[in-house]
There are 2 protein chains.
Amino acid sequence: MNDRKQHVIKMAHQLFIERGFQSTSIQDILEFSGISKGTFYNYFSSKNELLIALFKALYESMERKRDELLIGQDPSDLTIFKKQIEFQMNTNKKNKLITLFEEVFVSNDEDLKHFLREGQKRMLRWVYNRFLELFGEEKQPYLLDGAIMFLGILHHNVKYYSIANGASADIYPVVEYSVDRMVTIVEDASIANQQLNKPEQMDDWFPEGNQLFHSNLVSTIRLLKANLSESNNEAIERLDFVKDELLHSKKSRKFLIESVLCSLRDDPKLDQTTVNQLDELISNYFK
Amino acid sequence: MNDRKQHVIKMAHQLFIERGFQSTSIQDILEFSGISKGTFYNYFSSKNELLIALFKALYESMERKRDELLIGQDPSDLTIFKKQIEFQMNTNKKNKLITLFEEVFVSNDEDLKHFLREGQKRMLRWVYNRFLELFGEEKQPYLLDGAIMFLGILHHNVKYYSIANGASADIYPVVEYSVDRMVTIVEDASIANQQLNKPEQMDDWFPEGNQLFHSNLVSTIRLLKANLSESNNEAIERLDFVKDELLHSKKSRKFLIESVLCSLRDDPKLDQTTVNQLDELISNYFK
DNA sequence: TTACCTTTATACTGCCGGTATAAACCTGAT
DNA sequence: ATCAGGTTTATACCGGCAGTATAAAGGTAA
């Protein structure tokens, strides 16, 4: 992505943190980042698009770093999980993510709403999958409920703890407390054999096969990008577009993706066997 | 309150439910309720003021009915508590209270934000006080945490249950499930002797003495109003104003309240010994 | 009839997000 | 050096928004 575009996102983020999304006008962003209106609408098709770009960047980095914390560690170790949660809560706080989120979650822009809902669902799924590792498969029936309740507990605890102890208070005790409570809740629900949402519900939210497709796509594209020098901007942009359109957009535009794949096949800089893998992966996805 | 004003609130509420607060323009409200702009701004000083009036009416009725459910019942009976929660969740759903709430909670209007925060705090306090009755004084140190977590669990469970089972699904199982989990959580926190927020924190949010003042004020004003016929609109409005200004406004305007008290003292229709009580109550409050 | 309040209709202000456009600027190929 | 194609800028413009201003009309009670 363009350096200058990145700079605009950064400046806008700063303004959003200072005064919120709604009360930052496009004019403010133009003046603060020193670009003209024309350039702005050349980069982003609307103010909401800019916000989506910002969220996307923040999410991507947060999820990557959070997952890196687990590398080489025991996935059933509660303390690692606590560290992952702590990291995410601190990132949220630093970037005023929750506030921004709340501010625009109820909005008229369907695209924006869809994007935010996807983010929430991704977080829920991540917690659920981690719970599977932490509590074991035998607790599986109670873990979707657990993940839902955990996020509720966590956010409420963080919110009121911050009110009571100031926004700069260390968040770790809250995470520790919330996770500790969670252990008992899962145990309790499993003993009482009470279930509110069946984990199969998740297949509804994340159509089956998609998870596999997701990881395959990401790794194939990463492979292709790895063999490219920085100068192959076009190819990189094309690959990013395909990833984005398939994973983040409400409805992937098949014709667009196919066109892009076509030009990828014609690119001598790319490893064509990997391109073929990508091609096959995507055509399987569409049928 | 004026019948016509009430009607405007009702019509606006309908529009807000249908299309949300932000995307309902004042022009829409004018057309839908058949009044002119001048009249609107005669009733409400802004669109946000109208929303506050709407919330106030809804809260007042909801809290009253919820408290009535407890009259003559055993306050330590869990099933009554579940019914109270169910009632509130259903009212929320019917009036799209949560959606409206989220939509405006992050807003630039300090008055509106303050009002909403007060509402949340009142709810938290109510749950805490009910938990004291339900779980007993010996669990007191863990009950503020409990109330905070309960609201988090409840809202998240309701939200995802509604997503999974449709908005029209019966909410009672969710309430039952959430309360059942709560019992264990309180037990667990008390055994582990873990505490995140001390209940004394609540004195900070609700300055001590205020609770007593609150109930005294409400009952004294109710007493005064009981002896008035419907025709004494002025006196009723004055009493309502005093109540509102003292309980709901960010900073009570002492000079205004004293002026109103002055006219109340001059009103032959009012029982002057009760007025004196009111007077004393309020002057004690201010020093 | 008079006096006073409420309501109406309508025009206006200033700000917003977003569009349109012509001129200026840059950059790389010939 | 010149030229073409793109990006960027400055600026004017649009329609819609919340909120203000005001003059006329309507209602009501003394």
# chains A, B, ... in the order shown; residues from 1 in each chain; ligands from 1

call {"tool": "interface_residues", "arguments": {"of": "chain C", "to": "chain B", "cutoff": "8 Å", "atoms": "only C-alpha atoms (C1' of nucleotides)", "output": "number ranges by chain"}}
result
C: 7-9

call {"tool": "interface_residues", "arguments": {"of": "chain B", "to": "chain A", "cutoff": "8 Å", "atoms": "only C-alpha atoms", "output": "mmCIF file with all heavy atoms, in the first residue's frame"}}
result
data_model
loop_
_atom_site.group_PDB
_atom_site.id
_atom_site.type_symbol
_atom_site.label_atom_id
_atom_site.label_comp_id
_atom_site.auth_asym_id
_atom_site.auth_seq_id
_atom_site.Cartn_x
_atom_site.Cartn_y
_atom_site.Cartn_z
ATOM 1 N N SER B 23 -30.416 7.829 11.669
ATOM 2 C CA SER B 23 -30.971 7.982 10.328
ATOM 3 C C SER B 23 -32.443 8.387 10.343
ATOM 4 O O SER B 23 -33.115 8.305 9.316
ATOM 5 C CB SER B 23 -30.756 6.712 9.511
ATOM 6 O OG SER B 23 -31.022 5.573 10.256
ATOM 7 N N THR B 99 -30.168 -1.400 21.104
ATOM 8 C CA THR B 99 -29.696 -0.828 19.841
ATOM 9 C C THR B 99 -29.612 0.685 19.936
ATOM 10 O O THR B 99 -28.596 1.289 19.603
ATOM 11 C CB THR B 99 -30.649 -1.214 18.698
ATOM 12 O OG1 THR B 99 -30.983 -2.591 18.824
ATOM 13 C CG2 THR B 99 -30.012 -0.955 17.354
ATOM 14 N N GLU B 102 -26.715 1.684 22.194
ATOM 15 C CA GLU B 102 -25.398 1.570 21.567
ATOM 16 C C GLU B 102 -25.178 2.678 20.546
ATOM 17 O O GLU B 102 -24.089 3.205 20.396
ATOM 18 C CB GLU B 102 -25.256 0.215 20.875
ATOM 19 C CG GLU B 102 -24.974 -0.927 21.841
ATOM 20 C CD GLU B 102 -24.862 -2.261 21.131
ATOM 21 O OE1 GLU B 102 -25.248 -2.346 19.956
ATOM 22 O OE2 GLU B 102 -24.393 -3.220 21.763
ATOM 23 N N GLU B 103 -26.276 3.001 19.854
ATOM 24 C CA GLU B 103 -26.150 3.954 18.758
ATOM 25 C C GLU B 103 -25.723 5.329 19.229
ATOM 26 O O GLU B 103 -25.034 6.052 18.511
ATOM 27 C CB GLU B 103 -27.502 4.046 18.036
ATOM 28 C CG GLU B 103 -27.452 4.798 16.746
ATOM 29 C CD GLU B 103 -28.751 4.641 15.976
ATOM 30 O OE1 GLU B 103 -29.628 3.885 16.432
ATOM 31 O OE2 GLU B 103 -28.890 5.283 14.949
ATOM 32 N N VAL B 104 -26.132 5.694 20.417
ATOM 33 C CA VAL B 104 -25.854 7.052 20.874
ATOM 34 C C VAL B 104 -24.916 7.108 22.065
ATOM 35 O O VAL B 104 -24.560 8.182 22.513
ATOM 36 C CB VAL B 104 -27.162 7.791 21.245
ATOM 37 C CG1 VAL B 104 -27.976 8.045 20.008
ATOM 38 C CG2 VAL B 104 -27.961 6.996 22.258
ATOM 39 N N PHE B 105 -24.500 5.923 22.551
ATOM 40 C CA PHE B 105 -23.701 5.949 23.780
ATOM 41 C C PHE B 105 -22.405 6.713 23.563
ATOM 42 O O PHE B 105 -21.989 7.492 24.417
ATOM 43 C CB PHE B 105 -23.407 4.540 24.273
ATOM 44 C CG PHE B 105 -22.742 4.557 25.613
ATOM 45 C CD1 PHE B 105 -23.398 5.107 26.697
ATOM 46 C CD2 PHE B 105 -21.470 4.062 25.793
ATOM 47 C CE1 PHE B 105 -22.796 5.153 27.943
ATOM 48 C CE2 PHE B 105 -20.855 4.106 27.036
ATOM 49 C CZ PHE B 105 -21.531 4.650 28.101
ATOM 50 N N VAL B 106 -21.777 6.458 22.428
ATOM 51 C CA VAL B 106 -20.605 7.257 22.102
ATOM 52 C C VAL B 106 -21.103 8.436 21.291
ATOM 53 O O VAL B 106 -21.391 8.319 20.114
ATOM 54 C CB VAL B 106 -19.587 6.443 21.312
ATOM 55 C CG1 VAL B 106 -18.344 7.267 21.072
ATOM 56 C CG2 VAL B 106 -19.242 5.164 22.040
ATOM 57 N N SER B 107 -21.236 9.534 21.947
ATOM 58 C CA SER B 107 -21.802 10.717 21.295
ATOM 59 C C SER B 107 -21.026 11.919 21.780
ATOM 60 O O SER B 107 -20.219 11.824 22.700
ATOM 61 C CB SER B 107 -23.284 10.824 21.652
ATOM 62 O OG SER B 107 -23.575 12.025 22.309
ATOM 63 N N ASN B 108 -21.237 13.042 21.147
ATOM 64 C CA ASN B 108 -20.501 14.236 21.564
ATOM 65 C C ASN B 108 -21.266 15.040 22.598
ATOM 66 O O ASN B 108 -20.735 15.948 23.199
ATOM 67 C CB ASN B 108 -20.215 15.123 20.346
ATOM 68 C CG ASN B 108 -19.619 14.313 19.238
ATOM 69 O OD1 ASN B 108 -18.682 13.554 19.464
ATOM 70 N ND2 ASN B 108 -20.171 14.425 18.038
ATOM 71 N N ASP B 145 -18.290 -7.359 41.839
ATOM 72 C CA ASP B 145 -17.743 -8.126 40.710
ATOM 73 C C ASP B 145 -18.832 -8.978 40.077
ATOM 74 O O ASP B 145 -18.951 -9.050 38.850
ATOM 75 C CB ASP B 145 -16.620 -9.052 41.198
ATOM 76 C CG ASP B 145 -15.380 -8.273 41.604
ATOM 77 O OD1 ASP B 145 -15.202 -7.148 41.102
ATOM 78 O OD2 ASP B 145 -14.603 -8.790 42.421
ATOM 79 N N ILE B 148 -21.243 -6.952 37.948
ATOM 80 C CA ILE B 148 -20.594 -6.539 36.704
ATOM 81 C C ILE B 148 -20.526 -7.704 35.723
ATOM 82 O O ILE B 148 -20.932 -7.597 34.560
ATOM 83 C CB ILE B 148 -19.167 -5.997 36.999
ATOM 84 C CG1 ILE B 148 -19.253 -4.654 37.732
ATOM 85 C CG2 ILE B 148 -18.377 -5.844 35.702
ATOM 86 C CD1 ILE B 148 -17.928 -4.160 38.285
ATOM 87 N N MET B 149 -20.063 -8.853 36.240
ATOM 88 C CA MET B 149 -19.935 -10.007 35.346
ATOM 89 C C MET B 149 -21.292 -10.511 34.889
ATOM 90 O O MET B 149 -21.465 -10.920 33.740
ATOM 91 C CB MET B 149 -19.164 -11.122 36.051
ATOM 92 C CG MET B 149 -17.687 -10.830 36.147
ATOM 93 S SD MET B 149 -16.749 -12.235 36.763
ATOM 94 C CE MET B 149 -17.128 -12.166 38.497
ATOM 95 N N PHE B 150 -22.261 -10.449 35.793
ATOM 96 C CA PHE B 150 -23.591 -10.931 35.417
ATOM 97 C C PHE B 150 -24.136 -10.147 34.226
ATOM 98 O O PHE B 150 -24.652 -10.731 33.266
ATOM 99 C CB PHE B 150 -24.560 -10.824 36.598
ATOM 100 C CG PHE B 150 -25.963 -11.187 36.241
ATOM 101 C CD1 PHE B 150 -26.286 -12.503 35.927
ATOM 102 C CD2 PHE B 150 -26.963 -10.226 36.178
ATOM 103 C CE1 PHE B 150 -27.580 -12.859 35.571
ATOM 104 C CE2 PHE B 150 -28.253 -10.565 35.821
ATOM 105 C CZ PHE B 150 -28.566 -11.883 35.518
ATOM 106 N N LEU B 151 -24.012 -8.840 34.284
ATOM 107 C CA LEU B 151 -24.525 -8.030 33.176
ATOM 108 C C LEU B 151 -23.776 -8.334 31.883
ATOM 109 O O LEU B 151 -24.378 -8.399 30.802
ATOM 110 C CB LEU B 151 -24.441 -6.546 33.531
ATOM 111 C CG LEU B 151 -25.453 -6.105 34.602
ATOM 112 C CD1 LEU B 151 -25.213 -4.666 35.022
ATOM 113 C CD2 LEU B 151 -26.886 -6.262 34.069
ATOM 114 N N GLY B 152 -22.473 -8.565 31.995
ATOM 115 C CA GLY B 152 -21.691 -8.931 30.811
ATOM 116 C C GLY B 152 -22.152 -10.247 30.225
ATOM 117 O O GLY B 152 -22.386 -10.367 29.018
ATOM 118 N N ILE B 153 -22.280 -11.235 31.082
ATOM 119 C CA ILE B 153 -22.736 -12.558 30.643
ATOM 120 C C ILE B 153 -24.116 -12.467 30.017
ATOM 121 O O ILE B 153 -24.372 -12.976 28.918
ATOM 122 C CB ILE B 153 -22.774 -13.530 31.843
ATOM 123 C CG1 ILE B 153 -21.359 -13.897 32.267
ATOM 124 C CG2 ILE B 153 -23.571 -14.769 31.514
ATOM 125 C CD1 ILE B 153 -21.320 -14.790 33.488
ATOM 126 N N LEU B 154 -25.009 -11.822 30.739
ATOM 127 C CA LEU B 154 -26.396 -11.740 30.284
ATOM 128 C C LEU B 154 -26.507 -11.112 28.904
ATOM 129 O O LEU B 154 -27.119 -11.662 27.988
ATOM 130 C CB LEU B 154 -27.199 -10.929 31.314
ATOM 131 C CG LEU B 154 -28.690 -10.792 31.062
ATOM 132 C CD1 LEU B 154 -29.374 -12.139 31.249
ATOM 133 C CD2 LEU B 154 -29.309 -9.754 31.993
ATOM 134 N N HIS B 155 -25.876 -9.943 28.741
ATOM 135 C CA HIS B 155 -26.009 -9.250 27.463
ATOM 136 C C HIS B 155 -25.389 -10.046 26.323
ATOM 137 O O HIS B 155 -25.964 -10.131 25.241
ATOM 138 C CB HIS B 155 -25.385 -7.859 27.558
ATOM 139 C CG HIS B 155 -26.202 -6.909 28.370
ATOM 140 N ND1 HIS B 155 -25.652 -5.905 29.134
ATOM 141 C CD2 HIS B 155 -27.542 -6.824 28.561
ATOM 142 C CE1 HIS B 155 -26.622 -5.247 29.751
ATOM 143 N NE2 HIS B 155 -27.767 -5.779 29.430
ATOM 144 N N HIS B 156 -24.212 -10.637 26.594
ATOM 145 C CA HIS B 156 -23.591 -11.421 25.536
ATOM 146 C C HIS B 156 -24.421 -12.650 25.203
ATOM 147 O O HIS B 156 -24.599 -12.978 24.030
ATOM 148 C CB HIS B 156 -22.165 -11.820 25.948
ATOM 149 C CG HIS B 156 -21.124 -10.997 25.292
ATOM 150 N ND1 HIS B 156 -21.000 -9.655 25.515
ATOM 151 C CD2 HIS B 156 -20.166 -11.312 24.381
ATOM 152 C CE1 HIS B 156 -20.004 -9.186 24.783
ATOM 153 N NE2 HIS B 156 -19.485 -10.162 24.081
ATOM 154 N N ASN B 157 -24.918 -13.329 26.231
ATOM 155 C CA ASN B 157 -25.728 -14.512 25.964
ATOM 156 C C ASN B 157 -26.979 -14.162 25.171
ATOM 157 O O ASN B 157 -27.324 -14.838 24.207
ATOM 158 C CB ASN B 157 -26.116 -15.194 27.284
ATOM 159 C CG ASN B 157 -25.038 -16.133 27.781
ATOM 160 O OD1 ASN B 157 -24.170 -16.560 27.007
ATOM 161 N ND2 ASN B 157 -25.077 -16.462 29.068
ATOM 162 N N TYR B 160 -25.989 -13.331 21.407
ATOM 163 C CA TYR B 160 -25.656 -14.436 20.515
ATOM 164 C C TYR B 160 -26.796 -15.439 20.417
ATOM 165 O O TYR B 160 -26.989 -16.049 19.371
ATOM 166 C CB TYR B 160 -24.356 -15.110 20.969
ATOM 167 C CG TYR B 160 -23.150 -14.289 20.602
ATOM 168 C CD1 TYR B 160 -22.546 -13.443 21.518
ATOM 169 C CD2 TYR B 160 -22.636 -14.327 19.309
ATOM 170 C CE1 TYR B 160 -21.455 -12.663 21.171
ATOM 171 C CE2 TYR B 160 -21.546 -13.563 18.950
ATOM 172 C CZ TYR B 160 -20.957 -12.732 19.885
ATOM 173 O OH TYR B 160 -19.885 -11.954 19.533
ATOM 174 N N TYR B 161 -27.552 -15.586 21.494
ATOM 175 C CA TYR B 161 -28.711 -16.484 21.438
ATOM 176 C C TYR B 161 -29.722 -15.948 20.430
ATOM 177 O O TYR B 161 -30.327 -16.721 19.681
ATOM 178 C CB TYR B 161 -29.343 -16.595 22.823
ATOM 179 C CG TYR B 161 -30.376 -17.691 22.948
ATOM 180 C CD1 TYR B 161 -29.992 -19.010 23.142
ATOM 181 C CD2 TYR B 161 -31.738 -17.399 22.887
ATOM 182 C CE1 TYR B 161 -30.928 -20.020 23.271
ATOM 183 C CE2 TYR B 161 -32.685 -18.400 23.016
ATOM 184 C CZ TYR B 161 -32.276 -19.713 23.213
ATOM 185 O OH TYR B 161 -33.220 -20.707 23.339
ATOM 186 N N ALA B 164 -28.466 -16.650 16.959
ATOM 187 C CA ALA B 164 -28.575 -18.060 16.580
ATOM 188 C C ALA B 164 -30.007 -18.526 16.441
ATOM 189 O O ALA B 164 -30.323 -19.328 15.551
ATOM 190 C CB ALA B 164 -27.833 -18.929 17.610
ATOM 191 N N PRO B 173 -34.898 -19.045 28.775
ATOM 192 C CA PRO B 173 -33.795 -19.994 28.990
ATOM 193 C C PRO B 173 -32.448 -19.302 29.144
ATOM 194 O O PRO B 173 -31.592 -19.759 29.913
ATOM 195 C CB PRO B 173 -33.814 -20.844 27.717
ATOM 196 C CG PRO B 173 -35.162 -20.681 27.146
ATOM 197 C CD PRO B 173 -35.641 -19.331 27.543
ATOM 198 N N VAL B 174 -32.261 -18.222 28.418
ATOM 199 C CA VAL B 174 -30.998 -17.483 28.512
ATOM 200 C C VAL B 174 -30.836 -16.883 29.896
ATOM 201 O O VAL B 174 -29.760 -16.951 30.507
ATOM 202 C CB VAL B 174 -30.939 -16.362 27.453
ATOM 203 C CG1 VAL B 174 -29.565 -15.730 27.433
ATOM 204 C CG2 VAL B 174 -31.308 -16.896 26.092
ATOM 205 N N TYR B 177 -30.194 -19.731 32.385
ATOM 206 C CA TYR B 177 -28.818 -20.201 32.232
ATOM 207 C C TYR B 177 -27.834 -19.210 32.856
ATOM 208 O O TYR B 177 -26.936 -19.602 33.612
ATOM 209 C CB TYR B 177 -28.509 -20.397 30.748
ATOM 210 C CG TYR B 177 -27.112 -20.882 30.451
ATOM 211 C CD1 TYR B 177 -26.827 -22.240 30.353
ATOM 212 C CD2 TYR B 177 -26.076 -19.978 30.252
ATOM 213 C CE1 TYR B 177 -25.546 -22.682 30.086
ATOM 214 C CE2 TYR B 177 -24.789 -20.412 29.981
ATOM 215 C CZ TYR B 177 -24.528 -21.767 29.892
ATOM 216 O OH TYR B 177 -23.258 -22.197 29.632
ATOM 217 N N ARG B 181 -25.355 -19.849 36.127
ATOM 218 C CA ARG B 181 -23.897 -19.732 36.096
ATOM 219 C C ARG B 181 -23.440 -18.775 37.190
ATOM 220 O O ARG B 181 -22.430 -18.987 37.839
ATOM 221 C CB ARG B 181 -23.413 -19.201 34.744
ATOM 222 C CG ARG B 181 -23.663 -20.075 33.544
ATOM 223 C CD ARG B 181 -22.790 -21.313 33.514
ATOM 224 N NE ARG B 181 -23.278 -22.359 34.385
ATOM 225 C CZ ARG B 181 -24.402 -23.061 34.200
ATOM 226 N NH1 ARG B 181 -25.190 -22.821 33.184
ATOM 227 N NH2 ARG B 181 -24.761 -24.004 35.049
ATOM 228 N N THR B 184 -22.742 -20.097 40.694
ATOM 229 C CA THR B 184 -21.450 -20.765 40.851
ATOM 230 C C THR B 184 -20.296 -19.768 40.880
ATOM 231 O O THR B 184 -19.331 -19.942 41.627
ATOM 232 C CB THR B 184 -21.216 -21.750 39.692
ATOM 233 O OG1 THR B 184 -22.426 -22.438 39.420
ATOM 234 C CG2 THR B 184 -20.126 -22.729 40.037
ATOM 235 N N ILE B 185 -20.404 -18.760 40.055
ATOM 236 C CA ILE B 185 -19.318 -17.773 40.002
ATOM 237 C C ILE B 185 -19.126 -17.102 41.353
ATOM 238 O O ILE B 185 -18.005 -16.966 41.847
ATOM 239 C CB ILE B 185 -19.603 -16.704 38.917
ATOM 240 C CG1 ILE B 185 -19.571 -17.341 37.539
ATOM 241 C CG2 ILE B 185 -18.579 -15.587 38.996
ATOM 242 C CD1 ILE B 185 -19.918 -16.380 36.423
ATOM 243 N N ASP B 188 -17.613 -19.520 43.704
ATOM 244 C CA ASP B 188 -16.207 -19.729 43.342
ATOM 245 C C ASP B 188 -15.327 -18.569 43.788
ATOM 246 O O ASP B 188 -14.275 -18.765 44.417
ATOM 247 C CB ASP B 188 -16.134 -19.917 41.821
ATOM 248 C CG ASP B 188 -14.710 -19.849 41.305
ATOM 249 O OD1 ASP B 188 -13.844 -20.527 41.874
ATOM 250 O OD2 ASP B 188 -14.476 -19.093 40.331
ATOM 251 N N ALA B 189 -15.770 -17.339 43.485
ATOM 252 C CA ALA B 189 -14.961 -16.176 43.856
ATOM 253 C C ALA B 189 -14.819 -16.101 45.368
ATOM 254 O O ALA B 189 -13.763 -15.728 45.883
ATOM 255 C CB ALA B 189 -15.602 -14.903 43.319
ATOM 256 N N GLN B 194 -11.157 -14.158 45.771
ATOM 257 C CA GLN B 194 -10.619 -13.215 44.783
ATOM 258 C C GLN B 194 -11.582 -12.064 44.577
ATOM 259 O O GLN B 194 -12.789 -12.261 44.446
ATOM 260 C CB GLN B 194 -10.364 -13.947 43.464
ATOM 261 C CG GLN B 194 -9.125 -14.829 43.516
ATOM 262 C CD GLN B 194 -8.789 -15.392 42.163
ATOM 263 O OE1 GLN B 194 -9.658 -15.960 41.501
ATOM 264 N NE2 GLN B 194 -7.548 -15.258 41.743
ATOM 265 N N LEU B 196 -11.992 -8.162 42.549
ATOM 266 C CA LEU B 196 -11.460 -7.239 41.555
ATOM 267 C C LEU B 196 -11.848 -5.806 41.919
ATOM 268 O O LEU B 196 -11.023 -4.925 42.006
ATOM 269 C CB LEU B 196 -12.022 -7.606 40.176
ATOM 270 C CG LEU B 196 -11.199 -7.224 38.964
ATOM 271 C CD1 LEU B 196 -9.790 -7.755 39.057
ATOM 272 C CD2 LEU B 196 -11.879 -7.760 37.709
ATOM 273 N N ASN B 197 -13.126 -5.602 42.141
ATOM 274 C CA ASN B 197 -13.632 -4.297 42.561
ATOM 275 C C ASN B 197 -14.236 -4.435 43.949
ATOM 276 O O ASN B 197 -15.042 -5.338 44.194
ATOM 277 C CB ASN B 197 -14.717 -3.819 41.595
ATOM 278 C CG ASN B 197 -14.199 -3.636 40.186
ATOM 279 O OD1 ASN B 197 -13.494 -2.695 39.893
ATOM 280 N ND2 ASN B 197 -14.543 -4.578 39.310
ATOM 281 N N GLN B 201 -16.496 0.782 46.192
ATOM 282 C CA GLN B 201 -16.412 1.544 44.948
ATOM 283 C C GLN B 201 -17.754 2.197 44.612
ATOM 284 O O GLN B 201 -17.803 3.299 44.062
ATOM 285 C CB GLN B 201 -16.007 0.583 43.826
ATOM 286 C CG GLN B 201 -15.785 1.233 42.494
ATOM 287 C CD GLN B 201 -14.686 2.259 42.571
ATOM 288 O OE1 GLN B 201 -13.615 1.985 43.064
ATOM 289 N NE2 GLN B 201 -14.958 3.466 42.095
#

call {"tool": "closest_atom_pairs", "arguments": {"of": "chain B", "to": "chain D", "cutoff": "9 Å", "atoms": "only C-alpha atoms (C1' of nucleotides)", "output": "JSON lines"}}
result
{"residue": "B:Ser25", "atom": "CA", "partner": "D:DC17", "partner_atom": "C1'", "distance": 7.7}
{"residue": "B:Ile26", "atom": "CA", "partner": "D:DA18", "partner_atom": "C1'", "distance": 7.9}
{"residue": "B:Tyr41", "atom": "CA", "partner": "D:DG19", "partner_atom": "C1'", "distance": 8.8}
{"residue": "B:Ser46", "atom": "CA", "partner": "D:DG19", "partner_atom": "C1'", "distance": 7.8}
{"residue": "B:Lys47", "atom": "CA", "partner": "D:DA18", "partner_atom": "C1'", "distance": 8.1}

call {"tool": "write_last_selection", "arguments": {"atoms": "N, CA, C and O atoms", "output": "CSV table (one decimal), in the first residue's frame"}}
result
chain,number,residue,atom,x,y,z
B,25,SER,N,-34.4,11.7,10.6
B,25,SER,CA,-34.1,13.2,10.7
B,25,SER,C,-35.3,13.8,11.4
B,25,SER,O,-36.4,13.3,11.6
B,26,ILE,N,-35.0,15.0,11.9
B,26,ILE,CA,-36.1,15.8,12.6
B,26,ILE,C,-37.3,16.0,11.6
B,26,ILE,O,-38.4,15.9,12.0
B,41,TYR,N,-39.2,22.4,18.5
B,41,TYR,CA,-38.2,23.1,19.3
B,41,TYR,C,-38.8,23.8,20.5
B,41,TYR,O,-38.0,24.3,21.3
B,46,SER,N,-33.4,20.0,21.5
B,46,SER,CA,-32.6,19.4,20.5
B,46,SER,C,-33.1,18.0,20.2
B,46,SER,O,-34.0,17.5,21.0
B,47,LYS,N,-32.6,17.3,19.2
B,47,LYS,CA,-33.0,15.9,18.9
B,47,LYS,C,-32.5,15.0,20.1
B,47,LYS,O,-33.3,14.1,20.5

call {"tool": "select_by_dssp", "arguments": {"residues": "range 73-284 of chain A", "states": "alpha helix (DSSP H)", "output": "JSON, numbers by chain"}}
result
{"A": [78, 79, 80, 81, 82, 83, 84, 85, 86, 87, 88, 89, 90, 91, 92, 93, 94, 97, 98, 99, 100, 101, 102, 103, 104, 105, 110, 111, 112, 113, 114, 115, 116, 117, 118, 119, 120, 121, 122, 123, 124, 125, 126, 127, 128, 129, 130, 131, 132, 133, 134, 135, 143, 144, 145, 146, 147, 148, 149, 150, 151, 152, 153, 154, 155, 156, 157, 158, 159, 160, 161, 162, 163, 164, 165, 172, 173, 174, 175, 176, 177, 178, 179, 180, 181, 182, 183, 184, 185, 186, 187, 188, 189, 190, 191, 192, 201, 202, 203, 204, 205, 210, 211, 212, 213, 214, 215, 216, 217, 218, 219, 220, 221, 222, 223, 224, 225, 226, 233, 234, 235, 236, 237, 238, 239, 240, 241, 242, 243, 244, 245, 246, 247, 254, 255, 256, 257, 258, 259, 260, 261, 262, 263, 264, 265, 272, 273, 274, 275, 276, 277, 278, 279, 280, 281, 282, 283, 284]}

call {"tool": "closest_residue", "arguments": {"among": "B:Phe115, B:Tyr172, B:Phe206, B:Phe81", "to": "Glu49 in chain B", "atoms": "only C-alpha atoms"}}
result
B:Phe115
